[in-house]
$ cat input-v8.cif   # mmCIF, N, CA and C atoms
data_structure
#
loop_
_atom_site.label_atom_id
_atom_site.label_comp_id
_atom_site.auth_asym_id
_atom_site.auth_seq_id
_atom_site.Cartn_x
_atom_site.Cartn_y
_atom_site.Cartn_z
N MET A 41 -29.76 16.30 63.51
CA MET A 41 -28.36 16.69 63.53
C MET A 41 -28.18 17.85 62.54
N ASN A 42 -27.50 18.91 62.97
CA ASN A 42 -27.32 20.06 62.08
C ASN A 42 -26.06 19.90 61.23
N LEU A 43 -25.87 20.85 60.31
CA LEU A 43 -24.74 20.78 59.38
C LEU A 43 -23.39 20.76 60.08
N ARG A 44 -23.22 21.57 61.10
CA ARG A 44 -21.94 21.61 61.81
C ARG A 44 -21.62 20.26 62.47
N GLU A 45 -22.65 19.63 63.06
CA GLU A 45 -22.43 18.33 63.69
C GLU A 45 -22.09 17.27 62.64
N LEU A 46 -22.80 17.30 61.52
CA LEU A 46 -22.50 16.36 60.44
C LEU A 46 -21.08 16.57 59.91
N ALA A 47 -20.69 17.84 59.72
CA ALA A 47 -19.35 18.15 59.23
C ALA A 47 -18.30 17.66 60.22
N PHE A 48 -18.56 17.85 61.52
CA PHE A 48 -17.62 17.41 62.55
C PHE A 48 -17.47 15.89 62.51
N GLN A 49 -18.60 15.17 62.44
CA GLN A 49 -18.54 13.71 62.42
C GLN A 49 -17.82 13.20 61.17
N LEU A 50 -18.09 13.83 60.03
CA LEU A 50 -17.43 13.43 58.79
C LEU A 50 -15.92 13.67 58.89
N SER A 51 -15.53 14.80 59.48
CA SER A 51 -14.11 15.09 59.67
C SER A 51 -13.46 14.06 60.59
N ALA A 52 -14.15 13.70 61.66
CA ALA A 52 -13.61 12.72 62.60
C ALA A 52 -13.45 11.35 61.94
N ILE A 53 -14.44 10.93 61.18
CA ILE A 53 -14.36 9.64 60.50
C ILE A 53 -13.24 9.66 59.46
N THR A 54 -13.05 10.80 58.79
CA THR A 54 -11.96 10.92 57.83
C THR A 54 -10.62 10.71 58.52
N LEU A 55 -10.44 11.31 59.69
CA LEU A 55 -9.20 11.11 60.46
C LEU A 55 -9.01 9.65 60.84
N ILE A 56 -10.09 9.02 61.28
CA ILE A 56 -10.02 7.61 61.68
C ILE A 56 -9.66 6.74 60.47
N ALA A 57 -10.30 7.00 59.33
CA ALA A 57 -10.03 6.22 58.11
C ALA A 57 -8.58 6.40 57.67
N ASP A 58 -8.08 7.63 57.73
CA ASP A 58 -6.68 7.88 57.36
C ASP A 58 -5.73 7.14 58.29
N ALA A 59 -6.01 7.19 59.59
CA ALA A 59 -5.16 6.50 60.57
C ALA A 59 -5.24 4.99 60.37
N ALA A 60 -6.42 4.48 60.05
CA ALA A 60 -6.58 3.04 59.82
C ALA A 60 -5.79 2.62 58.59
N LYS A 61 -5.80 3.43 57.53
CA LYS A 61 -5.05 3.10 56.32
C LYS A 61 -3.55 3.08 56.62
N GLU A 62 -3.08 4.08 57.36
CA GLU A 62 -1.66 4.11 57.73
C GLU A 62 -1.29 2.88 58.56
N ALA A 63 -2.15 2.51 59.51
CA ALA A 63 -1.88 1.34 60.36
C ALA A 63 -1.89 0.07 59.52
N LYS A 64 -2.83 -0.04 58.60
CA LYS A 64 -2.92 -1.22 57.72
C LYS A 64 -1.66 -1.34 56.86
N ASP A 65 -1.21 -0.22 56.28
CA ASP A 65 0.00 -0.24 55.46
C ASP A 65 1.22 -0.65 56.28
N ARG A 66 1.33 -0.10 57.50
CA ARG A 66 2.46 -0.43 58.39
C ARG A 66 2.42 -1.92 58.75
N LEU A 67 1.24 -2.43 59.11
CA LEU A 67 1.11 -3.84 59.47
C LEU A 67 1.41 -4.75 58.28
N ARG A 68 1.03 -4.35 57.10
CA ARG A 68 1.34 -5.16 55.91
C ARG A 68 2.85 -5.25 55.70
N ARG A 69 3.55 -4.12 55.88
CA ARG A 69 5.01 -4.14 55.74
C ARG A 69 5.63 -5.07 56.79
N GLN A 70 5.18 -4.95 58.04
CA GLN A 70 5.71 -5.79 59.12
C GLN A 70 5.40 -7.26 58.87
N PHE A 71 4.19 -7.55 58.38
CA PHE A 71 3.79 -8.92 58.10
C PHE A 71 4.66 -9.53 57.01
N ALA A 72 4.87 -8.77 55.93
CA ALA A 72 5.70 -9.26 54.82
C ALA A 72 7.12 -9.55 55.32
N GLN A 73 7.65 -8.67 56.15
CA GLN A 73 9.00 -8.87 56.69
C GLN A 73 9.05 -10.11 57.59
N ALA A 74 8.03 -10.29 58.42
CA ALA A 74 7.99 -11.45 59.31
C ALA A 74 7.87 -12.75 58.51
N LEU A 75 7.09 -12.74 57.44
CA LEU A 75 6.99 -13.93 56.58
C LEU A 75 8.34 -14.26 55.97
N GLU A 76 9.04 -13.24 55.48
CA GLU A 76 10.37 -13.45 54.88
C GLU A 76 11.31 -14.08 55.89
N GLU A 77 11.26 -13.61 57.14
CA GLU A 77 12.17 -14.10 58.17
C GLU A 77 11.99 -15.59 58.46
N VAL A 78 10.74 -16.07 58.37
CA VAL A 78 10.49 -17.48 58.67
C VAL A 78 10.33 -18.33 57.41
N GLY A 79 10.40 -17.70 56.25
CA GLY A 79 10.30 -18.43 54.99
C GLY A 79 8.89 -18.91 54.65
N ALA A 80 7.90 -18.22 55.15
CA ALA A 80 6.50 -18.60 54.87
C ALA A 80 5.90 -17.64 53.86
N ASP A 81 4.72 -18.01 53.34
CA ASP A 81 4.02 -17.10 52.44
C ASP A 81 2.62 -16.75 52.92
N SER A 82 2.22 -17.32 54.08
CA SER A 82 0.91 -16.97 54.63
C SER A 82 0.86 -17.34 56.11
N ALA A 83 -0.16 -16.81 56.77
CA ALA A 83 -0.41 -17.14 58.17
C ALA A 83 -1.90 -17.01 58.41
N LYS A 84 -2.40 -17.82 59.35
CA LYS A 84 -3.82 -17.77 59.67
C LYS A 84 -4.03 -16.84 60.86
N ALA A 85 -5.14 -16.13 60.82
CA ALA A 85 -5.51 -15.25 61.92
C ALA A 85 -6.60 -15.94 62.72
N ALA A 86 -6.50 -15.87 64.05
CA ALA A 86 -7.49 -16.52 64.91
C ALA A 86 -7.97 -15.55 65.97
N LEU A 87 -9.22 -15.70 66.32
CA LEU A 87 -9.81 -14.91 67.40
C LEU A 87 -10.41 -15.90 68.39
N GLU A 88 -9.90 -15.89 69.61
CA GLU A 88 -10.35 -16.82 70.65
C GLU A 88 -10.32 -18.26 70.16
N GLY A 89 -9.22 -18.60 69.47
CA GLY A 89 -9.02 -19.97 69.01
C GLY A 89 -9.72 -20.33 67.71
N GLU A 90 -10.54 -19.46 67.19
CA GLU A 90 -11.26 -19.75 65.94
C GLU A 90 -10.59 -18.99 64.79
N GLU A 91 -10.25 -19.76 63.74
CA GLU A 91 -9.63 -19.13 62.57
C GLU A 91 -10.64 -18.22 61.88
N ILE A 92 -10.20 -17.00 61.63
CA ILE A 92 -11.11 -16.03 61.00
C ILE A 92 -10.63 -15.54 59.65
N ALA A 93 -9.33 -15.74 59.36
CA ALA A 93 -8.81 -15.25 58.08
C ALA A 93 -7.47 -15.90 57.79
N LYS A 94 -7.09 -15.85 56.53
CA LYS A 94 -5.76 -16.27 56.11
C LYS A 94 -5.14 -15.06 55.42
N VAL A 95 -3.97 -14.65 55.87
CA VAL A 95 -3.28 -13.50 55.29
C VAL A 95 -2.09 -14.03 54.51
N SER A 96 -2.01 -13.63 53.24
CA SER A 96 -0.98 -14.17 52.35
C SER A 96 -0.14 -13.07 51.73
N LEU A 97 1.09 -13.43 51.40
CA LEU A 97 1.97 -12.56 50.63
C LEU A 97 1.84 -12.98 49.18
N ILE A 98 1.32 -12.11 48.36
CA ILE A 98 1.12 -12.41 46.94
C ILE A 98 2.36 -11.96 46.19
N ARG A 99 2.91 -12.85 45.40
CA ARG A 99 4.09 -12.54 44.59
C ARG A 99 3.67 -12.54 43.12
N PRO A 100 3.40 -11.35 42.59
CA PRO A 100 2.96 -11.29 41.19
C PRO A 100 4.04 -11.82 40.25
N LYS A 101 3.59 -12.44 39.17
CA LYS A 101 4.51 -12.94 38.15
C LYS A 101 5.00 -11.77 37.31
N ASN A 102 6.19 -11.93 36.75
CA ASN A 102 6.69 -10.93 35.82
C ASN A 102 5.81 -10.93 34.58
N THR A 103 5.51 -9.76 34.08
CA THR A 103 4.68 -9.64 32.88
C THR A 103 5.43 -8.85 31.83
N PRO A 104 5.20 -9.17 30.55
CA PRO A 104 5.90 -8.44 29.49
C PRO A 104 5.43 -6.99 29.39
N GLN A 105 6.32 -6.14 28.95
CA GLN A 105 6.02 -4.72 28.79
C GLN A 105 6.76 -4.21 27.56
N VAL A 106 6.07 -3.45 26.73
CA VAL A 106 6.69 -2.90 25.52
C VAL A 106 7.63 -1.77 25.91
N LEU A 107 8.87 -1.84 25.47
CA LEU A 107 9.86 -0.81 25.76
C LEU A 107 9.91 0.26 24.68
N ASN A 108 9.64 -0.12 23.44
CA ASN A 108 9.73 0.80 22.31
C ASN A 108 8.45 0.68 21.50
N GLU A 109 7.52 1.61 21.74
CA GLU A 109 6.21 1.55 21.11
C GLU A 109 6.30 1.59 19.59
N LYS A 110 7.17 2.44 19.04
CA LYS A 110 7.30 2.55 17.59
C LYS A 110 7.77 1.23 16.98
N ALA A 111 8.77 0.62 17.59
CA ALA A 111 9.27 -0.66 17.09
C ALA A 111 8.18 -1.73 17.15
N PHE A 112 7.40 -1.71 18.21
CA PHE A 112 6.30 -2.68 18.34
C PHE A 112 5.26 -2.45 17.24
N VAL A 113 4.88 -1.19 17.02
CA VAL A 113 3.90 -0.87 15.97
C VAL A 113 4.43 -1.30 14.61
N ASP A 114 5.69 -0.99 14.33
CA ASP A 114 6.29 -1.39 13.05
C ASP A 114 6.25 -2.91 12.88
N TRP A 115 6.55 -3.64 13.94
CA TRP A 115 6.53 -5.10 13.87
C TRP A 115 5.11 -5.61 13.60
N VAL A 116 4.12 -5.04 14.32
CA VAL A 116 2.74 -5.47 14.11
C VAL A 116 2.29 -5.14 12.70
N LYS A 117 2.64 -3.94 12.19
CA LYS A 117 2.27 -3.55 10.82
C LYS A 117 2.80 -4.55 9.81
N SER A 118 4.03 -4.99 9.99
CA SER A 118 4.63 -5.89 9.00
C SER A 118 4.15 -7.33 9.16
N ASN A 119 3.68 -7.71 10.33
CA ASN A 119 3.27 -9.09 10.55
C ASN A 119 1.75 -9.29 10.66
N TYR A 120 1.05 -8.26 11.13
CA TYR A 120 -0.40 -8.36 11.36
C TYR A 120 -1.06 -7.03 11.01
N GLU A 121 -0.95 -6.60 9.77
CA GLU A 121 -1.37 -5.25 9.39
C GLU A 121 -2.82 -4.94 9.73
N PHE A 122 -3.69 -5.94 9.79
CA PHE A 122 -5.10 -5.67 10.08
C PHE A 122 -5.37 -5.47 11.57
N GLU A 123 -4.36 -5.59 12.38
CA GLU A 123 -4.50 -5.36 13.82
C GLU A 123 -4.20 -3.91 14.20
N ILE A 124 -3.84 -3.10 13.24
CA ILE A 124 -3.53 -1.69 13.49
C ILE A 124 -4.81 -0.87 13.35
N ILE A 125 -5.05 0.01 14.32
CA ILE A 125 -6.20 0.92 14.25
C ILE A 125 -5.71 2.35 14.39
N GLU A 126 -6.47 3.27 13.79
CA GLU A 126 -6.14 4.69 13.93
C GLU A 126 -6.61 5.16 15.30
N SER A 127 -5.87 6.08 15.87
CA SER A 127 -6.29 6.66 17.14
C SER A 127 -5.82 8.10 17.23
N ILE A 128 -6.37 8.80 18.19
CA ILE A 128 -6.04 10.20 18.40
C ILE A 128 -5.24 10.29 19.70
N ARG A 129 -4.15 11.04 19.65
CA ARG A 129 -3.34 11.22 20.86
C ARG A 129 -4.20 11.77 21.99
N GLU A 130 -4.00 11.25 23.20
CA GLU A 130 -4.77 11.70 24.36
C GLU A 130 -4.60 13.20 24.60
N SER A 131 -3.40 13.72 24.39
CA SER A 131 -3.17 15.15 24.63
C SER A 131 -4.00 16.00 23.67
N PHE A 132 -4.15 15.55 22.41
CA PHE A 132 -4.95 16.32 21.46
C PHE A 132 -6.44 16.14 21.76
N ARG A 133 -6.83 14.94 22.18
CA ARG A 133 -8.22 14.72 22.58
C ARG A 133 -8.58 15.68 23.71
N LYS A 134 -7.69 15.81 24.69
CA LYS A 134 -7.94 16.73 25.81
C LYS A 134 -8.02 18.16 25.30
N HIS A 135 -7.14 18.54 24.37
CA HIS A 135 -7.16 19.89 23.80
C HIS A 135 -8.51 20.18 23.16
N VAL A 136 -9.02 19.24 22.37
CA VAL A 136 -10.32 19.46 21.71
C VAL A 136 -11.42 19.55 22.76
N MET A 137 -11.42 18.65 23.74
CA MET A 137 -12.46 18.68 24.77
C MET A 137 -12.41 19.99 25.56
N ASP A 138 -11.22 20.51 25.78
CA ASP A 138 -11.08 21.79 26.48
C ASP A 138 -11.48 22.97 25.60
N SER A 139 -11.58 22.73 24.28
CA SER A 139 -11.86 23.81 23.33
C SER A 139 -13.31 23.82 22.85
N VAL A 140 -14.16 22.99 23.44
CA VAL A 140 -15.57 23.02 23.06
C VAL A 140 -16.38 23.70 24.15
N GLU A 141 -17.43 24.33 23.72
CA GLU A 141 -18.31 25.07 24.62
C GLU A 141 -19.70 24.47 24.54
N ASN A 142 -20.37 24.38 25.66
CA ASN A 142 -21.72 23.85 25.71
C ASN A 142 -22.70 24.98 25.43
N VAL A 143 -23.31 24.96 24.25
CA VAL A 143 -24.30 25.97 23.87
C VAL A 143 -25.61 25.23 23.62
N ASP A 144 -26.52 25.35 24.57
CA ASP A 144 -27.82 24.67 24.47
C ASP A 144 -27.66 23.17 24.23
N GLY A 145 -26.70 22.56 24.89
CA GLY A 145 -26.49 21.12 24.76
C GLY A 145 -25.69 20.70 23.55
N LYS A 146 -25.26 21.66 22.73
CA LYS A 146 -24.46 21.35 21.55
C LYS A 146 -23.00 21.69 21.82
N ALA A 147 -22.10 20.85 21.31
CA ALA A 147 -20.67 21.08 21.47
C ALA A 147 -20.20 21.97 20.33
N ILE A 148 -19.81 23.19 20.67
CA ILE A 148 -19.33 24.15 19.67
C ILE A 148 -17.82 24.28 19.83
N TYR A 149 -17.09 24.03 18.73
CA TYR A 149 -15.64 24.18 18.73
C TYR A 149 -15.35 25.67 18.64
N LYS A 150 -14.81 26.23 19.72
CA LYS A 150 -14.63 27.68 19.82
C LYS A 150 -13.78 28.25 18.70
N ARG A 151 -12.81 27.52 18.26
CA ARG A 151 -11.87 28.04 17.26
C ARG A 151 -12.54 28.30 15.91
N SER A 152 -13.48 27.41 15.52
CA SER A 152 -14.10 27.55 14.19
C SER A 152 -15.59 27.81 14.25
N GLY A 153 -16.20 27.62 15.41
CA GLY A 153 -17.64 27.78 15.52
C GLY A 153 -18.42 26.56 15.06
N GLU A 154 -17.72 25.49 14.67
CA GLU A 154 -18.39 24.28 14.19
C GLU A 154 -19.15 23.59 15.32
N ILE A 155 -20.28 22.99 14.95
CA ILE A 155 -21.00 22.11 15.87
C ILE A 155 -20.38 20.72 15.71
N LEU A 156 -19.89 20.18 16.80
CA LEU A 156 -19.28 18.85 16.77
C LEU A 156 -20.31 17.86 17.34
N ASP A 157 -21.13 17.31 16.45
CA ASP A 157 -22.24 16.46 16.90
C ASP A 157 -21.79 15.09 17.39
N PHE A 158 -20.52 14.82 17.34
CA PHE A 158 -19.98 13.56 17.87
C PHE A 158 -19.48 13.72 19.30
N ILE A 159 -19.71 14.90 19.88
CA ILE A 159 -19.32 15.16 21.27
C ILE A 159 -20.58 15.53 22.05
N THR A 160 -20.70 15.00 23.25
CA THR A 160 -21.83 15.32 24.12
C THR A 160 -21.28 15.76 25.48
N PHE A 161 -22.13 16.32 26.30
CA PHE A 161 -21.74 16.76 27.63
C PHE A 161 -22.41 15.86 28.67
N ASN A 162 -21.61 15.31 29.55
CA ASN A 162 -22.12 14.45 30.62
C ASN A 162 -22.19 15.24 31.91
N SER A 163 -23.20 14.96 32.69
CA SER A 163 -23.26 15.57 34.02
C SER A 163 -22.72 14.55 35.02
N ARG A 164 -22.17 15.04 36.11
CA ARG A 164 -21.64 14.16 37.14
C ARG A 164 -22.38 14.44 38.43
N ASP A 165 -22.46 13.42 39.27
CA ASP A 165 -23.12 13.58 40.56
C ASP A 165 -22.25 14.41 41.49
N SER A 166 -22.90 15.15 42.35
CA SER A 166 -22.19 15.91 43.38
C SER A 166 -21.57 14.93 44.37
N TYR A 167 -20.52 15.36 45.05
CA TYR A 167 -19.91 14.53 46.07
C TYR A 167 -19.42 15.42 47.19
N VAL A 168 -19.18 14.82 48.32
CA VAL A 168 -18.74 15.56 49.51
C VAL A 168 -17.23 15.45 49.63
N SER A 169 -16.57 16.56 49.90
CA SER A 169 -15.12 16.60 50.06
C SER A 169 -14.80 17.16 51.45
N THR A 170 -13.85 16.54 52.13
CA THR A 170 -13.41 17.04 53.44
C THR A 170 -11.98 17.53 53.30
N ARG A 171 -11.78 18.82 53.56
CA ARG A 171 -10.44 19.41 53.52
C ARG A 171 -10.19 20.06 54.88
N PHE A 172 -9.14 19.63 55.52
CA PHE A 172 -8.84 20.16 56.84
C PHE A 172 -8.12 21.49 56.74
N LEU A 173 -8.47 22.40 57.62
CA LEU A 173 -7.77 23.67 57.71
C LEU A 173 -6.44 23.44 58.40
N SER A 174 -5.53 24.36 58.24
CA SER A 174 -4.23 24.25 58.88
C SER A 174 -4.41 24.04 60.38
N GLY A 175 -3.84 22.98 60.90
CA GLY A 175 -3.97 22.68 62.32
C GLY A 175 -5.26 21.97 62.68
N GLY A 176 -6.12 21.70 61.70
CA GLY A 176 -7.41 21.08 61.97
C GLY A 176 -7.34 19.59 62.23
N ARG A 177 -6.25 18.98 61.86
CA ARG A 177 -6.10 17.54 62.10
C ARG A 177 -5.62 17.35 63.50
#

$ encode --input "input-v8.cif" --output "structure tokens"
Amino acid sequence: MNLRELAFQLSAITLIADAAKEAKDRLRRQFAQALEEVGADSAKAALEGEEIAKVSLIRPKNTPQVLNEKAFVDWVKSNYEFEIIESIRESFRKHVMDSVENVDGKAIYKRSGEILDFITFNSRDSYVSTRFLSGGR
């Protein structure tokens, strides 16, 4: 099989997968609505009289969430001071990572020329991406 044939098949499968996801999402909405109408929380699926699956509506429990981070930190500091750790803001971490240059495997901070030996460079595996041209779907 040549590259064009492989690309065509991958594009076709991508369309099928997208359509399947849309259909699954639509069916989940319809199923949840049908369960609500009859007051049930699950139903069994059968194929030729044999049960093959149980489909359920999961109702997650309410979970606590911090509304005011500063107030929470202040409370923890006053009640459990040893539970506080220093950290670096994610935005500044990103700034530093964007400001280092890979020179022979060493992280050089461009602004000062310092070698930052606590930073390393990771390689990532290649991957295949399918992007449809206008009208290609």

$ select_by_dssp --input "input-v8.cif" --residues "stretch 42-157 of chain A" --states "helix (DSSP H, G or I)" --output "MDAnalysis selection string"
chainID A and resid 43:78 109:119 121:123 130:138

$ resolve_selection --input "input-v8.cif" --expression "the PyMOL selection byres ((chain A and resi 159) around 8)" --output "list in words"
Gly145, Lys146, Ala147, Ile148, Ile155, Leu156, Asp157, Phe158, Thr160, Phe161 and Asn162 of chain A

$ residues_around --input "input-v8.cif" --residues "stretch 170-175 of chain A" --least-positions-apart "2" --cutoff "8 Å" --atoms "only C-alpha atoms" --output "count of residues only"
5

$ atom_distance --input "input-v8.cif" --atom1 "atom C of A:Ser96" --atom2 "atom CA of A:Ala83"
7.6 Å

$ resolve_selection --input "input-v8.cif" --expression "the PyMOL selection byres ((chain A and resi 150) around 6.5)" --output "PDB file with N, CA and C atoms, in the frame of the given file"
ATOM      1  N   SER A 139     -11.580  22.730  24.280  1.00  0.00           N
ATOM      2  CA  SER A 139     -11.860  23.810  23.330  1.00  0.00           C
ATOM      3  C   SER A 139     -13.310  23.820  22.850  1.00  0.00           C
ATOM      4  N   VAL A 140     -14.160  22.990  23.440  1.00  0.00           N
ATOM      5  CA  VAL A 140     -15.570  23.020  23.060  1.00  0.00           C
ATOM      6  C   VAL A 140     -16.380  23.700  24.150  1.00  0.00           C
ATOM      7  N   GLU A 141     -17.430  24.330  23.720  1.00  0.00           N
ATOM      8  CA  GLU A 141     -18.310  25.070  24.620  1.00  0.00           C
ATOM      9  C   GLU A 141     -19.700  24.470  24.540  1.00  0.00           C
ATOM     10  N   ILE A 148     -19.810  23.190  20.670  1.00  0.00           N
ATOM     11  CA  ILE A 148     -19.330  24.150  19.670  1.00  0.00           C
ATOM     12  C   ILE A 148     -17.820  24.280  19.830  1.00  0.00           C
ATOM     13  N   TYR A 149     -17.090  24.030  18.730  1.00  0.00           N
ATOM     14  CA  TYR A 149     -15.640  24.180  18.730  1.00  0.00           C
ATOM     15  C   TYR A 149     -15.350  25.670  18.640  1.00  0.00           C
ATOM     16  N   ARG A 151     -12.810  27.520  18.260  1.00  0.00           N
ATOM     17  CA  ARG A 151     -11.870  28.040  17.260  1.00  0.00           C
ATOM     18  C   ARG A 151     -12.540  28.300  15.910  1.00  0.00           C
ATOM     19  N   SER A 152     -13.480  27.410  15.520  1.00  0.00           N
ATOM     20  CA  SER A 152     -14.100  27.550  14.190  1.00  0.00           C
ATOM     21  C   SER A 152     -15.590  27.810  14.250  1.00  0.00           C
ATOM     22  N   GLY A 153     -16.200  27.620  15.410  1.00  0.00           N
ATOM     23  CA  GLY A 153     -17.640  27.780  15.520  1.00  0.00           C
ATOM     24  C   GLY A 153     -18.420  26.560  15.060  1.00  0.00           C
ATOM     25  N   GLU A 154     -17.720  25.490  14.670  1.00  0.00           N
ATOM     26  CA  GLU A 154     -18.390  24.280  14.190  1.00  0.00           C
ATOM     27  C   GLU A 154     -19.150  23.590  15.320  1.00  0.00           C
TER      28      GLU A 154
END

$ atom_distance --input "input-v8.cif" --atom1 "atom C of A:Gln70" --atom2 "atom CA of A:Gly89"
21.7 Å

$ atom_distance --input "input-v8.cif" --atom1 "atom CA of A:Asp165" --atom2 "atom CA of A:Arg129"
28.0 Å

$ select_by_dssp --input "input-v8.cif" --residues "stretch 41-174 of chain A" --states "strand (DSSP E or B)" --output "PyMOL selection string"
chain A and resi 82-87+90-96+140-143+146-149+155

$ axis_aligned_box --input "input-v8.cif" --around "stretch 117-133 of chain A" --padding-each-side "6 Å" --output "lines of an AutoDock Vina configuration file"
center_x = -2.0
center_y = 3.5
center_z = 16.8
size_x = 25.2
size_y = 37.6
size_z = 27.6

$ closest_residue --input "input-v8.cif" --among "A:Ile124, A:Asn42, A:Leu97, A:Gln105" --to "A:Arg69" --atoms "only C-alpha atoms"
A:Leu97
